[in-house]
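Here is the file query-v9.pdb (PDB, C-alpha atoms).
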```pdb
ATOM      1  CA  MET A  37      16.799  18.972   5.231
ATOM      2  CA  SER A  38      13.205  17.849   4.799
ATOM      3  CA  ASP A  39      10.388  19.087   6.980
ATOM      4  CA  PHE A  40       9.042  15.577   7.598
ATOM      5  CA  THR A  41      10.328  12.159   8.603
ATOM      6  CA  VAL A  42       9.227   8.622   7.783
ATOM      7  CA  ARG A  43       9.306   5.982  10.496
ATOM      8  CA  ARG A  44       7.783   2.658  11.431
ATOM      9  CA  ALA A  45       4.246   3.021  12.823
ATOM     10  CA  ARG A  46       3.440   2.494  16.473
ATOM     11  CA  THR A  47       0.143   1.475  18.018
ATOM     12  CA  ALA A  48      -0.300   5.089  19.167
ATOM     13  CA  ASP A  49      -0.480   6.068  15.450
ATOM     14  CA  ILE A  50      -3.374   3.795  14.513
ATOM     15  CA  ARG A  51      -6.226   6.167  15.374
ATOM     16  CA  GLY A  52      -4.438   8.864  13.365
ATOM     17  CA  ILE A  53      -4.087   6.466  10.434
ATOM     18  CA  GLN A  54      -7.792   5.694  10.669
ATOM     19  CA  ALA A  55      -8.576   9.444  10.703
ATOM     20  CA  MET A  56      -6.482   9.927   7.537
ATOM     21  CA  LEU A  57      -8.160   6.913   5.908
ATOM     22  CA  GLU A  58     -11.780   7.845   6.634
ATOM     23  CA  PRO A  59     -12.213  10.693   4.090
ATOM     24  CA  TYR A  60     -10.926   8.381   1.333
ATOM     25  CA  VAL A  61     -13.339   5.659   2.421
ATOM     26  CA  GLN A  62     -16.204   8.183   2.300
ATOM     27  CA  ARG A  63     -15.155   9.181  -1.236
ATOM     28  CA  ARG A  64     -14.876   5.476  -2.200
ATOM     29  CA  ILE A  65     -11.202   5.810  -3.081
ATOM     30  CA  LEU A  66      -9.935   3.345  -0.451
ATOM     31  CA  LEU A  67     -11.643   0.455   1.275
ATOM     32  CA  GLY A  68     -12.429   0.962   4.940
ATOM     33  CA  LYS A  69     -10.742  -1.041   7.631
ATOM     34  CA  ASP A  70     -12.051  -1.743  11.096
ATOM     35  CA  LEU A  71      -9.958  -0.326  13.903
ATOM     36  CA  VAL A  72      -9.066  -3.829  15.107
ATOM     37  CA  VAL A  73      -7.733  -4.708  11.633
ATOM     38  CA  LEU A  74      -5.590  -1.563  11.633
ATOM     39  CA  TYR A  75      -4.169  -2.448  15.065
ATOM     40  CA  GLU A  76      -3.463  -6.004  13.862
ATOM     41  CA  SER A  77      -1.585  -4.480  10.915
ATOM     42  CA  THR A  78       0.506  -1.985  12.897
ATOM     43  CA  GLN A  79       3.773  -3.706  11.940
ATOM     44  CA  GLN A  80       2.926  -3.318   8.228
ATOM     45  CA  PHE A  81       2.654   0.478   8.413
ATOM     46  CA  VAL A  82       5.118   3.303   8.091
ATOM     47  CA  VAL A  83       4.070   6.878   8.778
ATOM     48  CA  ALA A  84       5.276  10.316   7.772
ATOM     49  CA  GLU A  85       5.153  13.023  10.394
ATOM     50  CA  ASP A  86       5.858  16.733  10.258
ATOM     51  CA  ALA A  87       8.380  18.545  12.439
ATOM     52  CA  HIS A  88       5.758  18.824  15.205
ATOM     53  CA  GLY A  89       5.044  15.072  15.274
ATOM     54  CA  HIS A  90       1.687  15.272  13.454
ATOM     55  CA  LEU A  91       0.893  12.446  11.045
ATOM     56  CA  ILE A  92       0.856  13.649   7.442
ATOM     57  CA  GLY A  93       0.894  10.328   5.593
ATOM     58  CA  CYS A  94       1.077   6.576   5.853
ATOM     59  CA  GLY A  95       1.478   3.418   3.847
ATOM     60  CA  ALA A  96       1.548  -0.306   4.501
ATOM     61  CA  LEU A  97       3.428  -3.269   3.087
ATOM     62  CA  HIS A  98       1.451  -6.501   3.084
ATOM     63  CA  VAL A  99       3.262  -9.748   2.222
ATOM     64  CA  MET A 100       1.212 -11.833  -0.212
ATOM     65  CA  TRP A 101       3.648 -14.601  -1.140
ATOM     66  CA  GLU A 102       7.328 -15.509  -0.782
ATOM     67  CA  ASP A 103       8.402 -12.968  -3.416
ATOM     68  CA  LEU A 104       5.348 -10.721  -3.613
ATOM     69  CA  GLY A 105       4.075  -7.850  -1.492
ATOM     70  CA  GLU A 106       1.426  -5.173  -1.817
ATOM     71  CA  ILE A 107       1.670  -1.482  -1.046
ATOM     72  CA  ARG A 108      -1.607  -0.594   0.661
ATOM     73  CA  THR A 109      -3.303   2.330   2.321
ATOM     74  CA  LEU A 110      -0.901   4.906   0.874
ATOM     75  CA  ILE A 111      -2.212   8.276   2.038
ATOM     76  CA  VAL A 112      -0.747  11.772   2.067
ATOM     77  CA  LEU A 113      -2.736  14.656   3.531
ATOM     78  CA  ASP A 114      -3.822  17.117   0.836
ATOM     79  CA  GLU A 115      -1.757  19.982   2.212
ATOM     80  CA  TRP A 116       1.372  17.797   1.952
ATOM     81  CA  LEU A 117       0.857  16.620  -1.640
ATOM     82  CA  HIS A 118       3.674  17.307  -4.124
ATOM     83  CA  ARG A 119       6.250  17.708  -1.349
ATOM     84  CA  GLY A 120       7.911  14.282  -1.600
ATOM     85  CA  VAL A 121       5.947  12.580   1.184
ATOM     86  CA  GLY A 122       4.390   9.894  -1.035
ATOM     87  CA  ARG A 123       7.720   9.204  -2.724
ATOM     88  CA  ALA A 124       9.449   8.880   0.685
ATOM     89  CA  LEU A 125       6.765   6.495   1.958
ATOM     90  CA  VAL A 126       7.017   4.282  -1.138
ATOM     91  CA  GLU A 127      10.826   4.287  -0.974
ATOM     92  CA  ARG A 128      10.693   3.160   2.657
ATOM     93  CA  LEU A 129       8.159   0.430   1.862
ATOM     94  CA  GLU A 130      10.322  -0.751  -1.050
ATOM     95  CA  ALA A 131      13.376  -0.885   1.234
ATOM     96  CA  ASP A 132      11.368  -2.893   3.765
ATOM     97  CA  ALA A 133      10.224  -5.232   0.970
ATOM     98  CA  ARG A 134      13.804  -5.836  -0.154
ATOM     99  CA  GLU A 135      14.865  -6.462   3.445
ATOM    100  CA  MET A 136      12.149  -9.128   3.714
ATOM    101  CA  GLY A 137      13.314 -10.773   0.486
ATOM    102  CA  LEU A 138      10.439  -9.659  -1.732
ATOM    103  CA  SER A 139      11.195  -9.094  -5.403
ATOM    104  CA  ARG A 140       7.832  -7.819  -6.663
ATOM    105  CA  LEU A 141       5.394  -5.213  -5.386
ATOM    106  CA  PHE A 142       1.749  -4.894  -6.343
ATOM    107  CA  CYS A 143      -0.584  -1.938  -5.860
ATOM    108  CA  LEU A 144      -4.159  -1.148  -6.764
ATOM    109  CA  THR A 145      -4.456   2.560  -7.419
ATOM    110  CA  PHE A 146      -6.105   5.517  -9.080
ATOM    111  CA  GLU A 147      -2.722   7.324  -8.969
ATOM    112  CA  VAL A 148      -1.289   5.586 -12.031
ATOM    113  CA  GLU A 149       1.153   8.355 -12.987
ATOM    114  CA  PHE A 150       2.563   8.576  -9.446
ATOM    115  CA  PHE A 151       3.288   4.838  -9.388
ATOM    116  CA  GLU A 152       4.600   4.816 -12.968
ATOM    117  CA  ARG A 153       7.175   7.430 -11.901
ATOM    118  CA  ARG A 154       8.224   4.956  -9.193
ATOM    119  CA  GLY A 155       8.739   2.127 -11.704
ATOM    120  CA  PHE A 156       5.369   0.372 -11.486
ATOM    121  CA  SER A 157       3.589  -0.763 -14.657
ATOM    122  CA  PRO A 158      -0.055  -1.626 -15.267
ATOM    123  CA  MET A 159      -0.593  -5.377 -15.047
ATOM    124  CA  GLY A 160      -2.202  -7.574 -17.618
ATOM    125  CA  GLU A 161      -2.954 -11.125 -16.664
ATOM    126  CA  VAL A 162      -1.479 -12.289 -13.377
ATOM    127  CA  ILE A 163       1.889 -13.890 -13.847
ATOM    128  CA  VAL A 164       2.122 -16.570 -11.180
ATOM    129  CA  ASP A 165       2.429 -20.266 -11.779
ATOM    130  CA  PRO A 166      -0.628 -22.476 -11.264
ATOM    131  CA  ASP A 167       0.623 -23.887  -7.941
ATOM    132  CA  VAL A 168       1.078 -20.404  -6.472
ATOM    133  CA  TYR A 169      -2.302 -19.336  -7.863
ATOM    134  CA  SER A 170      -3.963 -22.330  -6.199
ATOM    135  CA  GLN A 171      -2.482 -21.226  -2.849
ATOM    136  CA  LEU A 172      -3.180 -17.499  -3.260
ATOM    137  CA  VAL A 173      -6.798 -18.081  -4.265
ATOM    138  CA  ARG A 174      -7.396 -19.588  -0.800
ATOM    139  CA  SER A 175      -6.494 -16.337   0.949
ATOM    140  CA  PRO A 176      -9.383 -14.462   2.571
ATOM    141  CA  ASP A 177      -7.504 -11.188   1.977
ATOM    142  CA  GLU A 178      -9.235  -8.877  -0.511
ATOM    143  CA  GLY A 179      -5.896  -7.488  -1.686
ATOM    144  CA  VAL A 180      -4.865 -10.955  -2.815
ATOM    145  CA  ALA A 181      -8.196 -11.350  -4.621
ATOM    146  CA  GLU A 182      -7.623  -7.995  -6.335
ATOM    147  CA  PHE A 183      -4.115  -9.055  -7.371
ATOM    148  CA  LEU A 184      -5.549 -12.245  -8.875
ATOM    149  CA  ASP A 185      -8.322 -10.177 -10.519
ATOM    150  CA  LEU A 186     -10.996 -12.454  -9.098
ATOM    151  CA  ALA A 187     -14.523 -11.595 -10.164
ATOM    152  CA  HIS A 188     -15.940 -11.347  -6.625
ATOM    153  CA  VAL A 189     -13.901  -8.203  -5.887
ATOM    154  CA  LYS A 190     -14.708  -6.396  -9.117
ATOM    155  CA  PRO A 191     -17.291  -4.136  -7.434
ATOM    156  CA  ASN A 192     -14.645  -3.042  -4.914
ATOM    157  CA  THR A 193     -11.952  -2.060  -7.402
ATOM    158  CA  LEU A 194     -13.932   1.034  -8.473
ATOM    159  CA  GLY A 195     -11.949   1.350 -11.669
ATOM    160  CA  ASN A 196      -8.534   1.206  -9.998
ATOM    161  CA  THR A 197      -5.490   0.103 -11.963
ATOM    162  CA  ARG A 198      -3.582  -3.009 -10.943
ATOM    163  CA  MET A 199       0.157  -2.253 -11.098
ATOM    164  CA  LEU A 200       3.331  -4.251 -10.490
ATOM    165  CA  LYS A 201       6.993  -3.408  -9.954
ATOM    166  CA  VAL A 202       9.957  -5.760 -10.057
ATOM    167  CA  LEU A 203      12.398  -4.587  -7.394
ATOM    168  CA  ASP A 204      16.037  -4.052  -8.154
ATOM    169  CA  PRO A 205      17.787  -6.030  -5.397
ATOM    170  CA  GLY A 206      20.819  -3.743  -5.440
ATOM    171  CA  ARG A 207      19.009  -0.611  -4.214
TER     172      ARG A 207
END
```

What's the structure tokens form of this structure?
Amino acid sequence: MSDFTVRRARTADIRGIQAMLEPYVQRRILLGKDLVVLYESTQQFVVAEDAHGHLIGCGALHVMWEDLGEIRTLIVLDEWLHRGVGRALVERLEADAREMGLSRLFCLTFEVEFFERRGFSPMGEVIVDPDVYSQLVRSPDEGVAEFLDLAHVKPNTLGNTRMLKVLDPGR
């Protein structure tokens, strides 16, 4: 039996998510999010908590298009690294993505090896048809801009790797 659980986030978790996020923002690993944006995104988040109910990790699934989602804000507290928390969060987000009918997941990460072990591969050029591109390019969401590799977000990517996974519908 594991010493943590993964569950859907609640509004009461948002300040804890922000507290986990802040050190990564300070180190320029993740982009900061205003508290209001985090609250507006509550339904996108899952959290991992220890046996005492303390948050030890989180991750979000953001839908970008009819078949495409992004794993965002994946965080595991340092003392919980290498204990399966990140894997459990990604597995839950993948299950949620399949349930929503998504067939591809995108992430922008420094943790290339972690995501490669989960079946993600570095992306080359974006593979979406021109009609979808013309719709996606209108999105104000920076994650969509990063997926499309638009020049105006280049300063924000900080050398991250764009990765993609095609989901196996049977899992």

* To do: Evaluate the PyMOL selection byres ((chain A and resi 102) around 9) on the structure here and hand back the selected residues as number ranges by chain.
  => A: 99-101, 103-105, 137-139

Pull C-alpha atoms from the residues just selected and write them as a PDB file, in the coordinates of the input.
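Output file out.pdb follows:
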```pdb
ATOM      1  CA  VAL A  99       3.262  -9.748   2.222  1.00  0.00           C
ATOM      2  CA  MET A 100       1.212 -11.833  -0.212  1.00  0.00           C
ATOM      3  CA  TRP A 101       3.648 -14.601  -1.140  1.00  0.00           C
ATOM      4  CA  ASP A 103       8.402 -12.968  -3.416  1.00  0.00           C
ATOM      5  CA  LEU A 104       5.348 -10.721  -3.613  1.00  0.00           C
ATOM      6  CA  GLY A 105       4.075  -7.850  -1.492  1.00  0.00           C
ATOM      7  CA  GLY A 137      13.314 -10.773   0.486  1.00  0.00           C
ATOM      8  CA  LEU A 138      10.439  -9.659  -1.732  1.00  0.00           C
ATOM      9  CA  SER A 139      11.195  -9.094  -5.403  1.00  0.00           C
TER      10      SER A 139
END
```

* Structure fact -> note - atom CA of A:Thr109 and atom CA of A:Asp39 are separated by 22.1 Å

* Within 12 Å of A:Glu76, counting only C-alpha atoms, which residues show up once you throw out same-chain ones fewer than 3 positions away? Write them as a PyMOL selection string, please. => chain A and resi 45-47+50+69-73+79-81+98

Next, write the just-selected residues to a file, as a short mmCIF file (atom, residue, chain, number, x, y, z; two decimals), in the frame of the given file, keeping C-alpha atoms as the atom set.
```cif
data_model
loop_
_atom_site.label_atom_id
_atom_site.label_comp_id
_atom_site.auth_asym_id
_atom_site.auth_seq_id
_atom_site.Cartn_x
_atom_site.Cartn_y
_atom_site.Cartn_z
CA ALA A 45 4.25 3.02 12.82
CA ARG A 46 3.44 2.49 16.47
CA THR A 47 0.14 1.48 18.02
CA ILE A 50 -3.37 3.80 14.51
CA LYS A 69 -10.74 -1.04 7.63
CA ASP A 70 -12.05 -1.74 11.10
CA LEU A 71 -9.96 -0.33 13.90
CA VAL A 72 -9.07 -3.83 15.11
CA VAL A 73 -7.73 -4.71 11.63
CA GLN A 79 3.77 -3.71 11.94
CA GLN A 80 2.93 -3.32 8.23
CA PHE A 81 2.65 0.48 8.41
CA HIS A 98 1.45 -6.50 3.08
#
```

* Asked: Between atom CA of A:Arg134 and atom CA of A:Pro158, what is the spacing in Å?
  -> 20.9 Å

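In terms of minimum interatomic distance to A:Met199, A:Glu149 ranks closest within A:Asp114, A:Asp132, A:Asp49, A:Glu149, counting all atoms listed in the file.
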
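Atom to atom, atom CA of A:Leu57 and atom CA of A:Leu125 stand 15.4 Å apart.
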
* A:Gly68 environment, 12 Å, only C-alpha atoms, sequence neighbours closer than 3 positions dropped, as a VMD selection string -> chain A and resid 53 to 65 71 to 74 108 to 109 178 192

May I have the residues from that selection written out with C-alpha atoms, as an mmCIF file, keeping the file's coordinate frame?
```
data_model
loop_
_atom_site.group_PDB
_atom_site.id
_atom_site.type_symbol
_atom_site.label_atom_id
_atom_site.label_comp_id
_atom_site.auth_asym_id
_atom_site.auth_seq_id
_atom_site.Cartn_x
_atom_site.Cartn_y
_atom_site.Cartn_z
ATOM 1 C CA ILE A 53 -4.087 6.466 10.434
ATOM 2 C CA GLN A 54 -7.792 5.694 10.669
ATOM 3 C CA ALA A 55 -8.576 9.444 10.703
ATOM 4 C CA MET A 56 -6.482 9.927 7.537
ATOM 5 C CA LEU A 57 -8.160 6.913 5.908
ATOM 6 C CA GLU A 58 -11.780 7.845 6.634
ATOM 7 C CA PRO A 59 -12.213 10.693 4.090
ATOM 8 C CA TYR A 60 -10.926 8.381 1.333
ATOM 9 C CA VAL A 61 -13.339 5.659 2.421
ATOM 10 C CA GLN A 62 -16.204 8.183 2.300
ATOM 11 C CA ARG A 63 -15.155 9.181 -1.236
ATOM 12 C CA ARG A 64 -14.876 5.476 -2.200
ATOM 13 C CA ILE A 65 -11.202 5.810 -3.081
ATOM 14 C CA LEU A 71 -9.958 -0.326 13.903
ATOM 15 C CA VAL A 72 -9.066 -3.829 15.107
ATOM 16 C CA VAL A 73 -7.733 -4.708 11.633
ATOM 17 C CA LEU A 74 -5.590 -1.563 11.633
ATOM 18 C CA ARG A 108 -1.607 -0.594 0.661
ATOM 19 C CA THR A 109 -3.303 2.330 2.321
ATOM 20 C CA GLU A 178 -9.235 -8.877 -0.511
ATOM 21 C CA ASN A 192 -14.645 -3.042 -4.914
#
```

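Closest approach to A:Arg119 among A:Met136, A:Val148, A:Ala84, A:Cys143: A:Ala84, based on all atoms listed in the file.
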
* Asked: A:Val82, A:Leu144, A:Ala133, A:Ile111: which is nearest A:Val202, counting only C-alpha atoms?
  -> A:Ala133
